[in-house]
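Report on the following structure.
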Amino acid sequence: MLSKTFQTTETEPRLYSLWETEGRFAADPHSPGTPYTIMIPPPNVTGTLHMGHALTMTLQDTLIRWRRMQGRDTLWQPGTDHAGIATQLVVERKLATEGTTRQQLGRSTFLERVWEWKAESGNGITRQLRRLGSSLDWSRERFTMDEGLSRAVREVFVTLFREKLIYRDRRLVNWDPHFRTAISDLEVENKEARGHLWHIRYPVADTQDQFITVATTRPETMLGDTAVAVHPDDERYTALIGKSVILPLTGRRIPIVADTYSDPEKGTGAVKITPAHDFNDFEVGKRHNLPMISVLDEGAAITLAEITDDLHNVEAVADPAFTRTLEGRSREDARKAIVAELDRLGFLVEVEAHTNQVPHAERGGAIVEPRLTTQWYCDAATLAGPAIAAVEKGDVAFVPKQWENTFFAWMRDIQPWCISRQLWWGHQIPAWYGPDGTVFVAFDDAEAQAQATAHYGETTELTRDEDVLDTWFSSALWPFSTLGWPDKTPELDRYYPTDVLVTGFDIIFFWVARMMMMGLHFMKDVPFRTVFIHGLVRDERGQKMSKSKGNGIDPLDLLDQYGADASRFTICALTGVGRDLKFGPKRVEDHRAFVTKLWNASRFCEMNEVKPVADFDPSKAENPLSRWIIHETATAVTEATGALEAFRFDEYAGACYRFVWNRFCDWYLELSKPIFSGEDAKAAAELRAVTAWVLDTILRLLQPVMPFVTDTLWHEFGFGPEGGLMTAAWPEPVSVPGAEEAVAEIDWLTRFISEIRTVRAEMNVPPSRLAPVLLKDAAPTTVERATRWAETIGRMARVSNIEALTGDVPHGSAQTVVDEATLVLPLADLIDLNAERARLAKELDKAEAEIAKTAKKLGNPDFIARGKPEVVEETRERLTTQTGERDRLKAALARLG
């Protein structure tokens with residue numbers, strides 16, 4: 001006997017353990033089924049489950065479970081990313097509590113400590129994924145630093161180097177001065193900050209009292225200025241192009257160049273160019289062959305190493321004694337000192353308040369510096385060509401399709417990919433240096449030594465490159481390195497290319513594109529056929545979740561409070577193609593009610609002796625109610641399957657919800673009650689068999705998104721062994737003779753009852769008062785149907801009797817229409833009609849006033865232009881709701897005449 005409620009905290013861990021122990025998630029390379037593969041976006045080994053994880057993992061698991069039931073040989077490849085900078089940060093913080101540092105430990109001992117931490121604490125995220133119900137093939141779990149994947153990384157690096165697609169270059173990078181390493185754009189978080197814009201006069205060389213004024217937010221970098229740029233069409237400066245200015249504080253002569261980067265409409269129209277400390281300036285510097293002078297060291301402190309000569313040969317505007325005092329000072333301290341000195345010398349024209357976006361390192365929070373360093377680069381432009389062509393040819397499809405445009409925009413403007421990081425934790429670059437700086441790239445130390453011996457003619461001591469590779473480098477190989485490449489394994493042959501990648505738009509460039517580049521280069525085929533791009537999880541008002549706003553949601557709290565099934569179903573129900581999710585605990589609570597509804601409906605079935613009937617053939621059902629529910633079941637199966645095929649997760653959830661709650665529970669089971677308890681044993685037996693068949697289909701339909709409650713019910717009803725639902729067959733739609741007539745009749749009955757219920761609710765008729773129903777202008781078939789279903793209508797719509805209207809409509813009646821018939825409900829003896837008219841009129845006036853207020857707000861151009869998009873959208877939705885309520889009230893008043 002089913003318990004009164006579904007116990008999620010007891011059932012979920014036990015059932016998941018059973019699934020995993022019995023190998024229910026495992027792929028089977030020897031299976032006759034067609035492979036279906038999804039690669040998990042490997043979460044950071046340092047990570048904990050957040051709403052982004054919950055979203056993407058739920059969607060992937062829904063697809064995998066669905067395809068598994070269709071008989072596909074499913075591989076959902078699990079694994080975690082070593083997360084170089086994030087993991088190093090965690091372990092360094094741990095060392096700090098012990099009073100030591102990685103530098104004190106040395107590289108080898110530090111790496112031992114990282115591996116120890118990984119063994120003890122690095123699997124938290126995978127345990128949390130299990131709590132979500134993720135049916136990953138854990139027997140194949142990989143880690144981006146395990147030996148197999150490390151070998152793949154070395155193979156790719158050496159191969160690309162030999163093909164001249166990996167090289168060393170001195171370019172500008174995002175630099176984290178805390179970790180003293182280059183970082184990727186994705187690891188940079190721009191934060192709005194209040195600062196200042198300093199207007200500084202630069203004297204024009206060889207003139208008296210002629211200046212160019214530039215405005216800058218970074219006066220401390222002016223020590224590295226190598227030009228002032230003006231727009232070539234800016235008439236204010238045409239005569240100065242080609243001349244020079246004297247750089248205050250250093251006395252260096254720098255040219256005035258013409259470049260379209262300078263905006264005549266912005267500021268003074270003249271900009272200082274510091275190529276070693278600004279990405280835009282770097283490009284200007286390349287165009288004009290300018291020197292690139294670094295004046296900030298790896299810790300973002302002032303260094304004068306590259307401008308020492310300036311201080312020995314300065315012009316009158318410079319004070320070499322002052323400038324030398326800046327050596328080693330922090331950028332913030334130097335900024336204050338430089339501004340004060342410029343003011344003292346008369347070069348500071350104006351200081352204005354200014355708000356701008358300041359880049360911060362996502363890990364550690366340090367302000368990121370653009371820094372000129374020598375790094376390892378990958379020729380991304382060459383590798384991008386085949387990837388662009390693959391999408392153009394349709395070898396890879398983006399869903400929604402508009403993300404292809406974003407992909408093309410990024411890929412066609414792709415820059416060299418900086419792949420080196422100045423960290424200790426990660427894949428150490430397989431490069432060694434001779435005493436003269438000659439580089440030897442090899443698979444291991446022995447091969448590098450052999451190359452060096454051949455080069456120098458004798459055994460020579462080599463130094464290993466200390467840098468490690470960007471974590472995106474190893475993750476770019478994920479679709480094939482996890483399957484055993486570079487070996488030619490059976491898994492690689494069977495499961496590559498994969499079927500679909502489910503991910504967010506923010507890593508289309510960082511991960512999706514790079515997997516495509518590497519897959520096409522080394523596997524000669526795309527890594528996946530479809531890329532499904534989901535939206536962001538926002539709060540219920542549509543605002544981005546953040547710690548500062550305090551509107552974040554911990555999915556683990558949702559799992560604790562509402563269970564995995566309700567949480568997963570909510571995610572699916574809110575995931576539409578091409579839009580973000582408005583998510584909140586209230587929505588999960590609402591969908592927990594759906595889990596409860598299914599459980600209670602199943603208990604009702606159990607109490608009415610519903611059991612599976614061997615060899616039951618639904619196509620032979622005779623009762624109209626049976627034929628109707630079988631047809632509705634087929635419709636639900638078709639809608640759910642079609643929605644999953646199209647990645648319409650919200651439509652899949654909606655089809656299941658409508659069928660289970662509205663069709664099966666609210667109508668079918670209610671209409672079945674008198675048959676279950678009646679004296680017609682044959683009709684009751686058929687209905688029990690049909691009900692069991694429908695319930696079995698429901699559980700199969702919902703298994704991909706609600707695996708725990710469905711498996712529990714499936715086993716309890718004897719449909720199959722515990723844990724076995726996930727490998728049961730996905731339902732197919734069944735056609736039944738006479739379905740059209742049955743659907744017409746039951747559809748009429750449900751509309752008949754619904755209209756009466758609506759009238760009663762609108763007129764506040766107490767449930768205890770039964771109302772008669774008079775049929776006006778009803779066809780004989782309608783009268784016959786009403787008579788045949790009178791007992792059911794009376795019970796479900798609180799109707800005392802049904803008869804044809806022979807005279808005038810009684811005074812004080814409410815009316816509604818079903819097909820050709822008008823349903824007349826005499827209410828004069830049941831309610832105070834005048835009071836109801838007054839109540840409805842008052843509510844209608846209130847609704848009209850609310851509509852006018854909302855419409856006025858939406859009619860304000862300033863509100864539309866300046867309002868937050870989520871607030872504007874919320875206002876539009878409110879207007880739609882208010883309009884619907886007004887129309888309902890009008891209809892209710894009209895019913896009273």
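Just so we're on the same page: first chain in the structure tokens is A, next is B, and so on; residues restart at 1 for each chain, and ligands are numbered from 1 in the order they show up.
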
For this session: From a DSSP pass on the backbone, collect the residues of segment 64-146 of chain A flagged as alpha helix (DSSP H) and hand them back as a VMD selection string.
Result: chain A and resid 64 to 69 84 to 97 102 to 105 107 to 121 124 to 131

Could you list, as a PDB file with N, CA and C atoms, in the first residue's frame, every residue within 9 Å of segment 65-74 of chain A, counting only C-alpha atoms and ignoring same-chain residues fewer than 5 positions away?
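Result written to around.pdb:
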```
ATOM      1  N   PHE A  25      22.976   3.200 -15.548  1.00  0.00           N
ATOM      2  CA  PHE A  25      23.371   4.373 -16.334  1.00  0.00           C
ATOM      3  C   PHE A  25      24.400   4.040 -17.410  1.00  0.00           C
ATOM      4  N   ALA A  26      24.921   2.828 -17.377  1.00  0.00           N
ATOM      5  CA  ALA A  26      26.092   2.511 -18.191  1.00  0.00           C
ATOM      6  C   ALA A  26      25.775   2.406 -19.673  1.00  0.00           C
ATOM      7  N   ALA A  27      26.682   2.953 -20.483  1.00  0.00           N
ATOM      8  CA  ALA A  27      26.622   2.724 -21.921  1.00  0.00           C
ATOM      9  C   ALA A  27      27.046   1.286 -22.199  1.00  0.00           C
ATOM     10  N   ASP A  28      26.624   0.768 -23.324  1.00  0.00           N
ATOM     11  CA  ASP A  28      26.954  -0.609 -23.694  1.00  0.00           C
ATOM     12  C   ASP A  28      27.444  -0.629 -25.138  1.00  0.00           C
ATOM     13  N   PRO A  29      28.762  -0.574 -25.336  1.00  0.00           N
ATOM     14  CA  PRO A  29      29.287  -0.547 -26.700  1.00  0.00           C
ATOM     15  C   PRO A  29      28.877  -1.743 -27.551  1.00  0.00           C
ATOM     16  N   HIS A  30      28.465  -2.839 -26.888  1.00  0.00           N
ATOM     17  CA  HIS A  30      28.069  -4.039 -27.629  1.00  0.00           C
ATOM     18  C   HIS A  30      26.567  -4.083 -27.905  1.00  0.00           C
ATOM     19  N   SER A  31      25.868  -3.050 -27.470  1.00  0.00           N
ATOM     20  CA  SER A  31      24.422  -2.993 -27.658  1.00  0.00           C
ATOM     21  C   SER A  31      24.079  -2.825 -29.137  1.00  0.00           C
ATOM     22  N   PRO A  32      22.964  -3.418 -29.585  1.00  0.00           N
ATOM     23  CA  PRO A  32      22.524  -3.194 -30.970  1.00  0.00           C
ATOM     24  C   PRO A  32      21.912  -1.815 -31.168  1.00  0.00           C
ATOM     25  N   GLY A  33      21.655  -1.119 -30.071  1.00  0.00           N
ATOM     26  CA  GLY A  33      21.033   0.195 -30.158  1.00  0.00           C
ATOM     27  C   GLY A  33      21.955   1.223 -30.796  1.00  0.00           C
ATOM     28  N   THR A  34      21.334   2.208 -31.453  1.00  0.00           N
ATOM     29  CA  THR A  34      22.102   3.298 -32.048  1.00  0.00           C
ATOM     30  C   THR A  34      22.681   4.176 -30.940  1.00  0.00           C
ATOM     31  N   PRO A  35      23.959   4.538 -31.012  1.00  0.00           N
ATOM     32  CA  PRO A  35      24.549   5.355 -29.937  1.00  0.00           C
ATOM     33  C   PRO A  35      23.893   6.733 -29.852  1.00  0.00           C
ATOM     34  N   TYR A  36      23.835   7.230 -28.649  1.00  0.00           N
ATOM     35  CA  TYR A  36      23.387   8.599 -28.389  1.00  0.00           C
ATOM     36  C   TYR A  36      24.287   9.136 -27.287  1.00  0.00           C
ATOM     37  N   THR A  37      25.050  10.173 -27.600  1.00  0.00           N
ATOM     38  CA  THR A  37      26.093  10.628 -26.687  1.00  0.00           C
ATOM     39  C   THR A  37      25.948  12.106 -26.350  1.00  0.00           C
ATOM     40  N   ILE A  38      26.096  12.399 -25.075  1.00  0.00           N
ATOM     41  CA  ILE A  38      26.193  13.781 -24.597  1.00  0.00           C
ATOM     42  C   ILE A  38      27.428  13.874 -23.712  1.00  0.00           C
ATOM     43  N   GLN A  60      20.133  17.927 -19.822  1.00  0.00           N
ATOM     44  CA  GLN A  60      20.888  16.815 -20.400  1.00  0.00           C
ATOM     45  C   GLN A  60      20.344  15.476 -19.929  1.00  0.00           C
ATOM     46  N   SER A 135      21.842  10.818 -14.432  1.00  0.00           N
ATOM     47  CA  SER A 135      22.151   9.419 -14.751  1.00  0.00           C
ATOM     48  C   SER A 135      23.395   9.324 -15.631  1.00  0.00           C
ATOM     49  N   ASP A 137      27.174   8.041 -16.706  1.00  0.00           N
ATOM     50  CA  ASP A 137      27.867   6.751 -16.661  1.00  0.00           C
ATOM     51  C   ASP A 137      29.128   6.909 -15.822  1.00  0.00           C
ATOM     52  N   THR A 641       6.727  13.680 -27.173  1.00  0.00           N
ATOM     53  CA  THR A 641       7.835  13.208 -28.012  1.00  0.00           C
ATOM     54  C   THR A 641       8.283  14.295 -28.979  1.00  0.00           C
ATOM     55  N   LEU A 644      10.340  17.016 -27.156  1.00  0.00           N
ATOM     56  CA  LEU A 644      11.716  16.625 -26.853  1.00  0.00           C
ATOM     57  C   LEU A 644      12.571  16.581 -28.112  1.00  0.00           C
ATOM     58  N   ARG A 700       5.975   6.424 -17.659  1.00  0.00           N
ATOM     59  CA  ARG A 700       7.025   6.384 -18.682  1.00  0.00           C
ATOM     60  C   ARG A 700       7.266   7.782 -19.262  1.00  0.00           C
ATOM     61  N   LEU A 701       6.183   8.504 -19.532  1.00  0.00           N
ATOM     62  CA  LEU A 701       6.315   9.848 -20.088  1.00  0.00           C
ATOM     63  C   LEU A 701       7.078  10.782 -19.151  1.00  0.00           C
ATOM     64  N   GLN A 703       9.179   9.874 -16.637  1.00  0.00           N
ATOM     65  CA  GLN A 703      10.432   9.365 -16.098  1.00  0.00           C
ATOM     66  C   GLN A 703      11.636  10.221 -16.431  1.00  0.00           C
ATOM     67  N   PRO A 704      11.781  10.756 -17.656  1.00  0.00           N
ATOM     68  CA  PRO A 704      12.975  11.550 -17.935  1.00  0.00           C
ATOM     69  C   PRO A 704      13.138  12.776 -17.047  1.00  0.00           C
ATOM     70  N   VAL A 705      12.042  13.370 -16.612  1.00  0.00           N
ATOM     71  CA  VAL A 705      12.133  14.602 -15.828  1.00  0.00           C
ATOM     72  C   VAL A 705      11.844  14.382 -14.352  1.00  0.00           C
ATOM     73  N   PRO A 707      12.345  11.263 -12.283  1.00  0.00           N
ATOM     74  CA  PRO A 707      12.713   9.846 -12.228  1.00  0.00           C
ATOM     75  C   PRO A 707      12.405   9.133 -10.914  1.00  0.00           C
ATOM     76  N   LEU A 725      12.381   1.323 -14.448  1.00  0.00           N
ATOM     77  CA  LEU A 725      11.580   2.162 -15.344  1.00  0.00           C
ATOM     78  C   LEU A 725      12.447   2.867 -16.379  1.00  0.00           C
ATOM     79  N   MET A 726      13.667   3.253 -16.009  1.00  0.00           N
ATOM     80  CA  MET A 726      14.481   4.029 -16.947  1.00  0.00           C
ATOM     81  C   MET A 726      14.861   3.246 -18.199  1.00  0.00           C
ATOM     82  N   THR A 727      14.770   1.931 -18.144  1.00  0.00           N
ATOM     83  CA  THR A 727      15.059   1.137 -19.338  1.00  0.00           C
ATOM     84  C   THR A 727      13.795   0.534 -19.943  1.00  0.00           C
ATOM     85  N   ALA A 728      12.631   0.917 -19.417  1.00  0.00           N
ATOM     86  CA  ALA A 728      11.373   0.513 -20.048  1.00  0.00           C
ATOM     87  C   ALA A 728      11.212   1.282 -21.357  1.00  0.00           C
ATOM     88  N   ALA A 729      10.374   0.758 -22.237  1.00  0.00           N
ATOM     89  CA  ALA A 729      10.227   1.372 -23.564  1.00  0.00           C
ATOM     90  C   ALA A 729       9.474   2.697 -23.476  1.00  0.00           C
ATOM     91  N   TRP A 730       9.948   3.666 -24.251  1.00  0.00           N
ATOM     92  CA  TRP A 730       9.235   4.932 -24.378  1.00  0.00           C
ATOM     93  C   TRP A 730       7.890   4.654 -25.045  1.00  0.00           C
ATOM     94  N   PRO A 731       6.794   5.243 -24.536  1.00  0.00           N
ATOM     95  CA  PRO A 731       5.462   4.909 -25.085  1.00  0.00           C
ATOM     96  C   PRO A 731       5.278   5.377 -26.520  1.00  0.00           C
TER      97      PRO A 731
END
```

For this session: Do a neighbour search on Gln402 of chain A at 12 Å with only C-alpha atoms, toss out local chain neighbours closer than 5 positions, and write the hits as a list in words.
Result: Ala397, Phe407, Phe408, Ala409, Phe505, Val531, Phe532, Ile533, Val577 and Gly578 of chain A

Using N, CA, C and O atoms, can you export the residues from the last selection as a PDB file, in the first residue's frame?
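The new file again_38.pdb reads:
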```pdb
ATOM      1  N   ALA A 397      24.363  22.203 -36.023  1.00  0.00           N
ATOM      2  CA  ALA A 397      23.207  23.110 -35.969  1.00  0.00           C
ATOM      3  C   ALA A 397      23.094  23.699 -34.575  1.00  0.00           C
ATOM      4  O   ALA A 397      23.196  22.975 -33.577  1.00  0.00           O
ATOM      5  N   PHE A 407      28.202  32.965 -33.113  1.00  0.00           N
ATOM      6  CA  PHE A 407      29.338  32.093 -33.390  1.00  0.00           C
ATOM      7  C   PHE A 407      30.178  32.644 -34.546  1.00  0.00           C
ATOM      8  O   PHE A 407      31.403  32.772 -34.447  1.00  0.00           O
ATOM      9  N   PHE A 408      29.504  33.002 -35.645  1.00  0.00           N
ATOM     10  CA  PHE A 408      30.223  33.527 -36.805  1.00  0.00           C
ATOM     11  C   PHE A 408      30.942  34.836 -36.473  1.00  0.00           C
ATOM     12  O   PHE A 408      32.089  35.052 -36.879  1.00  0.00           O
ATOM     13  N   ALA A 409      30.269  35.711 -35.726  1.00  0.00           N
ATOM     14  CA  ALA A 409      30.866  37.009 -35.388  1.00  0.00           C
ATOM     15  C   ALA A 409      32.153  36.830 -34.596  1.00  0.00           C
ATOM     16  O   ALA A 409      33.172  37.487 -34.867  1.00  0.00           O
ATOM     17  N   PHE A 505      25.184  30.283 -23.453  1.00  0.00           N
ATOM     18  CA  PHE A 505      25.751  31.097 -24.526  1.00  0.00           C
ATOM     19  C   PHE A 505      27.098  31.689 -24.161  1.00  0.00           C
ATOM     20  O   PHE A 505      27.900  32.037 -25.032  1.00  0.00           O
ATOM     21  N   VAL A 531      24.027  21.907 -31.119  1.00  0.00           N
ATOM     22  CA  VAL A 531      24.377  22.663 -29.919  1.00  0.00           C
ATOM     23  C   VAL A 531      23.102  23.354 -29.437  1.00  0.00           C
ATOM     24  O   VAL A 531      22.585  24.250 -30.105  1.00  0.00           O
ATOM     25  N   PHE A 532      22.582  22.901 -28.301  1.00  0.00           N
ATOM     26  CA  PHE A 532      21.399  23.550 -27.716  1.00  0.00           C
ATOM     27  C   PHE A 532      21.865  24.588 -26.702  1.00  0.00           C
ATOM     28  O   PHE A 532      22.522  24.257 -25.717  1.00  0.00           O
ATOM     29  N   ILE A 533      21.540  25.837 -26.975  1.00  0.00           N
ATOM     30  CA  ILE A 533      21.938  26.942 -26.104  1.00  0.00           C
ATOM     31  C   ILE A 533      20.750  27.351 -25.233  1.00  0.00           C
ATOM     32  O   ILE A 533      19.732  27.808 -25.736  1.00  0.00           O
ATOM     33  N   VAL A 577      12.802  27.736 -25.669  1.00  0.00           N
ATOM     34  CA  VAL A 577      13.891  27.974 -26.616  1.00  0.00           C
ATOM     35  C   VAL A 577      14.102  29.476 -26.769  1.00  0.00           C
ATOM     36  O   VAL A 577      13.170  30.228 -27.055  1.00  0.00           O
ATOM     37  N   GLY A 578      15.335  29.903 -26.534  1.00  0.00           N
ATOM     38  CA  GLY A 578      15.690  31.295 -26.785  1.00  0.00           C
ATOM     39  C   GLY A 578      15.294  32.282 -25.712  1.00  0.00           C
ATOM     40  O   GLY A 578      15.236  33.480 -25.970  1.00  0.00           O
TER      41      GLY A 578
END
```

For this session: Write out as a PyMOL selection string the residues lying within 7 Å of segment 282-297 of chain A, counting only C-alpha atoms and excluding same-chain residues fewer than 3 positions away.
Result: chain A and resi 221+223-224+226+275-276+278-279+300-304+306+372

Residues from last step as file, N, CA and C atoms, as a PDB file, in the first residue's frame:
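Saved result, result.pdb, follows:
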```pdb
ATOM      1  N   THR A 221      49.717  55.149 -16.047  1.00  0.00           N
ATOM      2  CA  THR A 221      50.315  54.465 -17.204  1.00  0.00           C
ATOM      3  C   THR A 221      50.929  55.444 -18.197  1.00  0.00           C
ATOM      4  N   LEU A 223      53.482  57.044 -18.060  1.00  0.00           N
ATOM      5  CA  LEU A 223      54.932  56.862 -18.154  1.00  0.00           C
ATOM      6  C   LEU A 223      55.291  55.988 -19.360  1.00  0.00           C
ATOM      7  N   GLY A 224      54.310  55.148 -19.794  1.00  0.00           N
ATOM      8  CA  GLY A 224      54.548  54.266 -20.933  1.00  0.00           C
ATOM      9  C   GLY A 224      53.920  54.756 -22.219  1.00  0.00           C
ATOM     10  N   THR A 226      53.504  56.208 -25.811  1.00  0.00           N
ATOM     11  CA  THR A 226      54.430  56.290 -26.948  1.00  0.00           C
ATOM     12  C   THR A 226      53.844  57.093 -28.104  1.00  0.00           C
ATOM     13  N   PRO A 275      50.599  51.435 -25.619  1.00  0.00           N
ATOM     14  CA  PRO A 275      50.376  50.112 -26.226  1.00  0.00           C
ATOM     15  C   PRO A 275      50.587  48.938 -25.285  1.00  0.00           C
ATOM     16  N   ALA A 276      51.433  49.084 -24.290  1.00  0.00           N
ATOM     17  CA  ALA A 276      51.715  47.960 -23.399  1.00  0.00           C
ATOM     18  C   ALA A 276      50.711  47.838 -22.263  1.00  0.00           C
ATOM     19  N   ASP A 278      46.997  48.802 -22.704  1.00  0.00           N
ATOM     20  CA  ASP A 278      45.603  48.980 -23.122  1.00  0.00           C
ATOM     21  C   ASP A 278      45.415  48.210 -24.435  1.00  0.00           C
ATOM     22  N   PHE A 279      44.334  47.413 -24.507  1.00  0.00           N
ATOM     23  CA  PHE A 279      44.132  46.562 -25.684  1.00  0.00           C
ATOM     24  C   PHE A 279      43.898  47.375 -26.955  1.00  0.00           C
ATOM     25  N   ALA A 300      51.760  44.632 -10.628  1.00  0.00           N
ATOM     26  CA  ALA A 300      51.085  45.911 -10.890  1.00  0.00           C
ATOM     27  C   ALA A 300      51.691  47.065 -10.104  1.00  0.00           C
ATOM     28  N   ALA A 301      52.995  46.963  -9.867  1.00  0.00           N
ATOM     29  CA  ALA A 301      53.735  48.072  -9.253  1.00  0.00           C
ATOM     30  C   ALA A 301      54.554  48.755 -10.351  1.00  0.00           C
ATOM     31  N   ILE A 302      54.869  50.032 -10.123  1.00  0.00           N
ATOM     32  CA  ILE A 302      55.612  50.799 -11.114  1.00  0.00           C
ATOM     33  C   ILE A 302      57.030  50.235 -11.283  1.00  0.00           C
ATOM     34  N   THR A 303      57.427  50.052 -12.531  1.00  0.00           N
ATOM     35  CA  THR A 303      58.804  49.684 -12.851  1.00  0.00           C
ATOM     36  C   THR A 303      59.327  50.668 -13.890  1.00  0.00           C
ATOM     37  N   LEU A 304      60.524  51.181 -13.657  1.00  0.00           N
ATOM     38  CA  LEU A 304      61.111  52.174 -14.560  1.00  0.00           C
ATOM     39  C   LEU A 304      62.172  51.560 -15.469  1.00  0.00           C
ATOM     40  N   GLU A 306      62.195  50.115 -18.290  1.00  0.00           N
ATOM     41  CA  GLU A 306      62.171  50.372 -19.724  1.00  0.00           C
ATOM     42  C   GLU A 306      62.187  51.859 -20.066  1.00  0.00           C
ATOM     43  N   LEU A 372      51.851  43.437 -21.316  1.00  0.00           N
ATOM     44  CA  LEU A 372      52.622  42.939 -22.455  1.00  0.00           C
ATOM     45  C   LEU A 372      53.599  41.880 -21.961  1.00  0.00           C
TER      46      LEU A 372
END
```

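Minimum atom-to-atom distance to Arg151 of chain A, evaluated using only C-alpha atoms, belongs to A:Ala442 out of A:Ala838, A:Ala442, A:Val245, A:Leu75.
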
Residues of segment 512-576 of chain A that have any atom at most 10 Å from an atom of segment 467-473 of chain A: could you tabulate them with the shortest-distance atom pair and the distance in Å to one decimal, using only C-alpha atoms, ordered by chain and increasing number, as CSV?
```
residue,atom,partner,partner_atom,distance
A:Arg514,CA,A:Phe473,CA,8.0
A:Met515,CA,A:Phe473,CA,9.0
A:Met518,CA,A:Phe473,CA,9.3
```

Exercise. Which is closest to Ala804 of chain A among A:Pro13, A:Pro772, A:Pro486, A:Pro78, if we use only C-alpha atoms?
Worked result: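 Nearest to Ala804 of chain A: A:Pro772.
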
For this session: Find the spatial neighbours of segment 779-782 of chain A, counting only C-alpha atoms, within a cut-off of 10 Å - ignore same-chain residues fewer than 2 positions away - and output them as a list in words.
Result: Glu745, Trp748, Leu749, Leu775, Lys776, Asp777, Glu784, Arg785, Ala786, Thr787, Arg788, Ala804, Val818, Asp819, Glu820 and Ala821 of chain A

Exercise. If we count only C-alpha atoms, what is near Ser17 of chain A at a cut-off of 12 Å, once residues fewer than 5 positions away on the same chain are taken out, given as a PyMOL selection string?
Worked result: chain A and resi 10-12+22-25+127+130-131+133-135+138+708+722-723

Resulting file, chosen residues, N, CA and C atoms, as a short mmCIF file (atom, residue, chain, number, x, y, z; two decimals), in the first residue's frame:
```
data_model
loop_
_atom_site.label_atom_id
_atom_site.label_comp_id
_atom_site.auth_asym_id
_atom_site.auth_seq_id
_atom_site.Cartn_x
_atom_site.Cartn_y
_atom_site.Cartn_z
N GLU A 10 13.85 9.94 1.92
CA GLU A 10 14.16 8.52 2.10
C GLU A 10 14.36 7.82 0.76
N THR A 11 13.53 8.16 -0.21
CA THR A 11 13.51 7.43 -1.47
C THR A 11 14.66 7.79 -2.39
N GLU A 12 14.96 9.09 -2.52
CA GLU A 12 15.92 9.51 -3.54
C GLU A 12 17.31 8.90 -3.37
N GLU A 22 23.44 -1.12 -9.83
CA GLU A 22 23.03 -2.08 -10.85
C GLU A 22 23.49 -1.70 -12.25
N GLY A 23 24.23 -0.58 -12.37
CA GLY A 23 24.76 -0.20 -13.68
C GLY A 23 23.71 0.28 -14.66
N ARG A 24 22.63 0.87 -14.15
CA ARG A 24 21.54 1.30 -15.03
C ARG A 24 21.94 2.46 -15.95
N PHE A 25 22.98 3.20 -15.55
CA PHE A 25 23.37 4.37 -16.33
C PHE A 25 24.40 4.04 -17.41
N ARG A 127 29.02 14.40 -6.14
CA ARG A 127 28.01 13.91 -5.18
C ARG A 127 26.72 14.71 -5.31
N ARG A 130 24.65 13.70 -8.28
CA ARG A 130 23.88 12.48 -7.97
C ARG A 130 22.58 12.85 -7.26
N ARG A 131 22.65 13.81 -6.37
CA ARG A 131 21.45 14.23 -5.65
C ARG A 131 20.38 14.76 -6.60
N GLY A 133 19.82 13.57 -9.42
CA GLY A 133 19.28 12.45 -10.19
C GLY A 133 19.97 12.23 -11.52
N SER A 134 21.12 12.86 -11.73
CA SER A 134 21.82 12.80 -13.02
C SER A 134 22.30 11.38 -13.31
N SER A 135 21.84 10.82 -14.43
CA SER A 135 22.15 9.42 -14.75
C SER A 135 23.39 9.32 -15.63
N TRP A 138 28.95 6.82 -14.50
CA TRP A 138 30.03 7.11 -13.57
C TRP A 138 31.20 6.14 -13.73
N PHE A 708 12.42 9.85 -9.80
CA PHE A 708 12.27 9.18 -8.51
C PHE A 708 10.84 8.75 -8.23
N GLU A 722 11.97 -2.73 -9.33
CA GLU A 722 12.42 -1.46 -8.81
C GLU A 722 13.70 -1.04 -9.53
N GLY A 723 13.73 0.21 -9.93
CA GLY A 723 14.88 0.72 -10.65
C GLY A 723 14.84 0.46 -12.14
#
```

Exercise. As a PyMOL selection string, which residues of segment 265-458 of chain A does DSSP assign to strand (DSSP E)?
Worked result: chain A and resi 270-273+348-361+369-378+397-399+417-418+420-421+431-433+439-441

Exercise. Within 9 Å of segment 607-622 of chain A, counting only C-alpha atoms, which residues qualify if same-chain residues fewer than 3 places away don't, as number ranges by chain?
Worked result: A: 1, 602-604, 625-627, 630, 673, 676-677, 683, 685-693, 696, 717-719, 734-738

Exercise. Pick from A:Leu15, A:Ala739, A:Val45, A:Met523: nearest to Thr126 of chain A, with only C-alpha atoms counted?
Worked result: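 Once distances to Thr126 of chain A are computed over only C-alpha atoms, the minimum belongs to A:Val45.
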